[in-house]
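**Student:** Coordinates in final.txt, compact mmCIF, C-alpha atoms, are listed below.
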# COMPACT_ATOMS: atom_id res chain seq x y z
CA ALA F 1438 0.00 0.00 0.00
CA PHE F 1439 1.56 3.24 -1.17
CA PHE F 1440 -0.06 5.37 1.52
CA PHE F 1441 0.38 2.71 4.21
CA ASN F 1442 -2.09 3.18 7.03
CA SER F 1443 -3.32 6.70 6.38
CA ILE F 1444 -6.66 8.45 6.43
CA ILE F 1445 -7.09 7.83 2.71
CA SER F 1446 -6.07 4.18 2.68
CA THR F 1447 -7.15 2.55 5.93
CA THR F 1448 -9.83 -0.12 5.71
CA ASN F 1449 -10.57 0.00 9.43
CA TYR F 1450 -13.58 2.24 9.99
CA GLU F 1451 -12.84 3.01 13.66
CA GLU F 1452 -9.26 3.91 12.82
CA TRP F 1453 -10.44 6.10 9.92
CA ARG F 1454 -12.91 7.84 12.25
CA ARG F 1455 -10.18 8.52 14.82
CA MET F 1456 -7.82 9.92 12.15
CA ARG F 1457 -10.62 12.01 10.62
CA GLU F 1458 -11.25 13.70 13.97
CA HIS F 1459 -7.70 15.07 13.82
CA PHE F 1460 -8.37 16.63 10.41
CA VAL F 1461 -11.90 17.93 10.97
CA THR F 1462 -10.91 21.53 11.71
CA ALA F 1463 -9.01 21.73 8.44
CA PHE F 1464 -12.32 21.24 6.68
CA LEU F 1465 -14.08 24.02 8.58
CA PRO F 1466 -12.87 27.19 6.84
CA LYS F 1467 -14.16 29.71 9.34
CA ALA F 1468 -12.59 27.88 12.25
CA SER F 1469 -9.31 26.98 10.60
CA LEU F 1470 -8.64 29.98 8.36
CA ARG F 1471 -10.07 33.04 10.11
CA LYS F 1472 -6.73 33.77 11.81
CA ILE F 1473 -4.80 33.32 8.57
CA PHE F 1474 -6.91 35.47 6.24
CA PRO F 1475 -6.02 38.87 7.76
CA VAL F 1476 -2.30 38.12 7.36
CA SER F 1477 -2.86 36.86 3.80
CA LEU F 1478 -4.80 39.99 2.95
CA GLU F 1479 -2.05 42.20 4.38
CA ARG F 1480 0.59 40.32 2.34
CA ALA F 1481 -1.57 40.58 -0.81
CA ARG F 1482 -1.85 44.34 -0.33
CA TYR F 1483 1.91 44.58 0.15
CA CYS F 1484 2.82 42.50 -2.94
CA PRO F 1485 2.48 45.29 -5.56
CA THR F 1486 4.80 47.50 -3.50
CA ARG F 1487 7.28 44.66 -3.11
CA LEU F 1488 7.21 43.95 -6.86
CA GLU F 1489 7.81 47.64 -7.60
CA GLN F 1490 10.78 47.61 -5.19
CA MET F 1491 12.19 44.51 -6.85
CA ILE F 1492 11.87 46.11 -10.30
CA ALA F 1493 13.54 49.29 -9.07
CA GLU F 1494 16.42 47.31 -7.54
CA SER F 1495 16.91 45.14 -10.63
CA PRO F 1496 19.66 46.32 -13.00
CA ASP F 1497 17.56 45.46 -16.06
CA GLY F 1498 14.11 46.15 -14.58
CA THR F 1499 13.07 42.49 -14.49
CA VAL F 1500 11.81 40.32 -11.65
CA ASP F 1501 12.38 36.62 -11.09
CA ILE F 1502 8.71 35.83 -10.52
CA SER F 1503 9.52 32.35 -9.29
CA GLU F 1504 11.69 33.85 -6.54
CA PHE F 1505 8.92 36.31 -5.74
CA PHE F 1506 6.33 33.55 -5.32
CA LEU F 1507 8.67 31.33 -3.29
CA TYR F 1508 9.44 34.23 -0.97
CA GLU F 1509 5.76 35.09 -0.54
CA THR F 1510 4.80 31.45 0.05
CA PHE F 1511 7.33 31.09 2.82
CA ALA F 1512 6.39 34.52 4.18
CA GLN F 1513 2.77 33.36 4.42
CA LEU F 1514 3.84 30.18 6.20
CA GLN F 1515 5.93 32.04 8.75
CA LEU F 1516 3.70 35.07 9.31
CA ALA F 1517 0.24 33.50 9.09
CA LEU F 1518 0.73 29.97 10.37
CA TYR F 1519 3.65 30.35 12.77
CA GLY F 1520 2.90 33.94 13.76
CA THR F 1521 6.48 35.14 13.45
CA ASP F 1522 7.16 38.83 13.00
CA ASN F 1523 8.39 40.43 9.78
CA GLY F 1524 11.91 40.76 11.14
CA PHE F 1525 12.28 37.04 11.77
CA MET F 1526 10.68 36.23 8.43
CA ASP F 1527 12.93 38.64 6.50
CA ARG F 1528 16.02 37.39 8.32
CA THR F 1529 15.35 33.70 7.66
CA ASN F 1530 13.27 33.46 4.47
CA LEU F 1531 15.92 33.30 1.75
CA LYS F 1532 18.53 31.44 3.79
CA PHE F 1533 16.07 28.72 4.78
CA ARG F 1534 14.81 28.25 1.22
CA ASN F 1535 18.39 28.18 -0.04
CA SER F 1536 19.39 25.60 2.57
CA VAL F 1537 16.68 23.14 1.51
CA THR F 1538 17.60 23.53 -2.17
CA GLY F 1539 21.34 23.15 -1.61
CA HIS F 1540 22.25 26.79 -2.31
CA GLU F 1541 23.05 27.47 1.34
CA HIS F 1542 24.88 25.10 3.65
CA TRP F 1543 22.44 22.42 4.83
CA THR F 1544 23.20 23.16 8.48
CA TYR F 1545 21.22 26.41 8.20
CA THR F 1546 18.01 24.35 8.13
CA THR F 1547 18.81 23.03 11.60
CA LYS F 1548 19.73 26.52 12.78
CA TYR F 1549 16.44 27.91 11.43
CA VAL F 1550 14.34 25.23 13.12
CA LYS F 1551 16.16 25.88 16.42
CA GLU F 1552 15.53 29.64 16.09
CA LEU F 1553 11.85 29.04 15.31
CA LEU F 1554 11.42 26.63 18.21
CA ASN F 1555 13.20 29.07 20.51
CA GLU F 1556 10.81 31.84 19.48
CA MET F 1557 7.88 29.47 20.01
CA SER F 1558 9.07 28.47 23.46
CA GLU F 1559 9.50 32.11 24.46
CA ALA F 1560 5.94 32.84 23.28
CA GLN F 1561 7.20 35.28 20.67
CA VAL F 1562 5.06 33.61 18.02
CA SER F 1563 1.37 32.84 18.20
CA GLY F 1564 0.08 31.58 14.88
CA PRO F 1565 -2.46 28.80 14.36
CA ALA F 1566 0.30 26.25 13.73
CA THR F 1567 1.78 26.99 17.16
CA GLN F 1568 -1.43 26.60 19.14
CA GLY F 1569 -1.42 23.60 21.39
CA LEU F 1570 2.33 23.78 21.76
CA ASN F 1571 3.59 24.07 25.27
CA GLU F 1572 7.06 24.20 26.70
CA ASP F 1573 7.35 20.40 26.76
CA THR F 1574 6.22 20.10 23.15
CA VAL F 1575 8.76 22.64 21.94
CA ARG F 1576 11.68 21.64 24.12
CA GLY F 1577 11.01 17.91 24.19
CA PRO F 1578 11.82 15.49 27.02
Starting from the coordinates I provided, produce the structure as structure tokens.
**Tutor:**
Amino acid sequence: AFFFNSIISTTNYEEWRRMREHFVTAFLPKASLRKIFPVSLERARYCPTRLEQMIAESPDGTVDISEFFLYETFAQLQLALYGTDNGFMDRTNLKFRNSVTGHEHWTYTTKYVKELLNEMSEAQVSGPATQGLNEDTVRGP
């Protein structure tokens, strides 16, 4: 079985029901997305300004749109889901993406995760993806 024992492949109804309960809030847009939408809207309003800045800073007036979208995707993840501030996001966005693609030393990924977990444990972030985390969850045993 390609998906092993997952929510989409299990044949055990009780097990499926238990797994489905973990995913139920993801299927309730108001409950799961209401905290994310304001951040997404703010980023969407900022994007034209950011594109204009990128064009102005480009020697030939062009923009690598792929880089723009990758940056914005990771910005959304950090700002909306993790609840980091713009400073942390700006400081880590490119380096983290470069580390997972091999353009930055791979050890930066570990450093980034440690920085993020440290900010979570110090309650400096409060996004939906951090809810339910407590000191033991972040720091481990």
**Student:** Could you give me, as a PyMOL selection string, the residues that sit within 8 Å of (-4.1, 34.5, 10.4) in the file's coordinates, counting all atoms listed in the file?
**Tutor:** chain F and resi 1470-1477+1516-1518+1520+1564-1565
**Student:** Taking every listed atom of segment 1530-1548 of chain F and adding 6 Å to each side, what centre and edge lengths in Å (one decimal) does the axis-aligned box have, as lines of an AutoDock Vina configuration file?
**Tutor:**
center_x = 19.1
center_y = 27.9
center_z = 5.2
size_x = 23.6
size_y = 23.0
size_z = 27.1
**Student:** Could you check how far atom CA of Phe1506 of chain F sits from atom CA of Cys1484 of chain F, in Å to one decimal?
**Tutor:**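 Computing it gives 9.9 Å between the two atoms.
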**Student:** Determine the nearest neighbour of Ile1502 of chain F from the options F:Lys1532, F:Arg1487, F:His1540, F:Arg1454, counting all atoms listed in the file.
**Tutor:**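 With all atoms listed in the file as the atom set, the closest residue is F:Arg1487.
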